[in-house]
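Input: a single structure, listed below in structure tokens.
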Amino acid sequence: MISAPLTLEGRLLLDGQTLVPPLRLTLDPGAWVVLLGPSGAGKSTLLRLLAGLPCAAVLEGRIIGPRPAALMAQDPGLLPWATVAENVALGARLRGERPDPTRVQDLLARTGLSGHAAKRPGQLSGGQRQRVALARTLLEDRPLVLLDEPFSALDARLRAEMQDLAAALLAGRMVLMISHDPHEAARLADRICLLTRAGLEEVAPPPGPAPRPLDDPQVLACQGRLLARLRGAS
């Protein structure tokens with residue numbers, strides 16, 4: 001596991017204009033950070049920079065700390081000609097490694113995809129494709145995990161189940177998740193950060209370990225506070 005924090009500091013420029021004002025975002029070992037903010041604030045750009053991927057914006061600053069990471073982007077990025085099982089094991093195959101079939105089957109079972117293992121992505125619903133991408137990310141077993149709205153295409157029941165699964169399998173890892181769902185942030189986060197055009201603001205999460213109960217009054221109260229801040233920031 002990672003023993004040192006990961007820090008991004010500086011500002012983001014897009015076509016010479018400030019996209020994100022000067023900020024300092026630090027991820028601590030073993031902590032799950034949820035990044036909220038209005039659309040267009042630069043959340044996904046920050047995630048791509050931390051993942052070491054090219055993007056249109058330029059960081060005028062620096063990134064300090066351990067990488068690489070397992071990344072789940074908004075687009076599931078599934079190979080249309082590969083089966084579900086092959087897509088889940090894609091990372092290992094790209095590195096020239098032999099995937100562990102037992103782990104692949106276990107993750108397919110835990111994400112409710114066992115009956116779809118031989119299907120192609122075109123035969124799946126949007127929520128099923130998102131679960132394939134989640135299973136692929138979890139299979140990577142990296143100490144640093146970057147998630148961009150990983151549960152957005154799921155119905156309420158599946159969303160709660162996949163939140164619980166991700167929280168269990170990513171325990172002890174350094175996680176940064178982008179979300180537009182204040183309830184999700186209140187339920188899962190050890191730390192909540194709100195990114196707006198004015199900069200980065202940290203908001204205290206509810207007490208207690210994550211994942212917190214869906215109907216916990218303090219989770220619901222935190223959800224309300226976050227929603228009020230987001231409405232004021234949009």
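For the structure tokens, the naming scheme is as follows: chains receive sequential letters (A, B, ...) according to their order of presentation, residues are indexed from 1 within each chain, and ligands are indexed from 1 in presentation order.
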
DSSP alpha helix (DSSP H) residues within region 6-147 of chain A, as a PyMOL selection string:
chain A and resi 43-51+84-88+90-94+101-110+126-140

Within 6 Å of region 30-32 of chain A using only C-alpha atoms, minus same-chain residues under 3 positions, as a ChimeraX atom specification
/A:172-175,189-190

Running DSSP on the backbone, which parts of region 9-196 of chain A land in strand (DSSP E), as an MDAnalysis selection string?
chainID A and resid 9:14 17:27 32:36 58:64 70:72 144:148 174:178 191:196

Skip Ala204 (chain A) itself and residues of its chain fewer than 6 positions away, then list as a VMD selection string all residues within 10 Å of it, counting only C-alpha atoms.
chain A and resid 186 189 to 193 222 226

Could you write out that same residue set with C-alpha atoms as an mmCIF file, in the first residue's frame?
data_model
loop_
_atom_site.group_PDB
_atom_site.id
_atom_site.type_symbol
_atom_site.label_atom_id
_atom_site.label_comp_id
_atom_site.auth_asym_id
_atom_site.auth_seq_id
_atom_site.Cartn_x
_atom_site.Cartn_y
_atom_site.Cartn_z
ATOM 1 C CA ALA A 186 -21.863 11.925 2.328
ATOM 2 C CA ALA A 189 -16.171 9.945 1.768
ATOM 3 C CA ASP A 190 -13.515 10.229 4.430
ATOM 4 C CA ARG A 191 -12.996 13.723 3.028
ATOM 5 C CA ILE A 192 -15.274 15.817 0.802
ATOM 6 C CA CYS A 193 -13.848 18.522 -1.490
ATOM 7 C CA CYS A 222 -24.674 16.413 5.081
ATOM 8 C CA LEU A 226 -23.641 19.876 0.128
#

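Restricting the calculation to only C-alpha atoms, the smallest distance between Arg142 (chain A) and any of A:Leu169, A:Pro21, A:Arg225, A:Gln163 is found for A:Leu169.
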
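Remark: for Ala133 (chain A), the closest of the candidate residues A:Leu49, A:Leu6, A:Ala171, A:Leu79 is A:Leu79 (distances computed over only C-alpha atoms).
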
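CA of Leu188 (chain A) is found 27.9 Å from CA of Arg62 (chain A).
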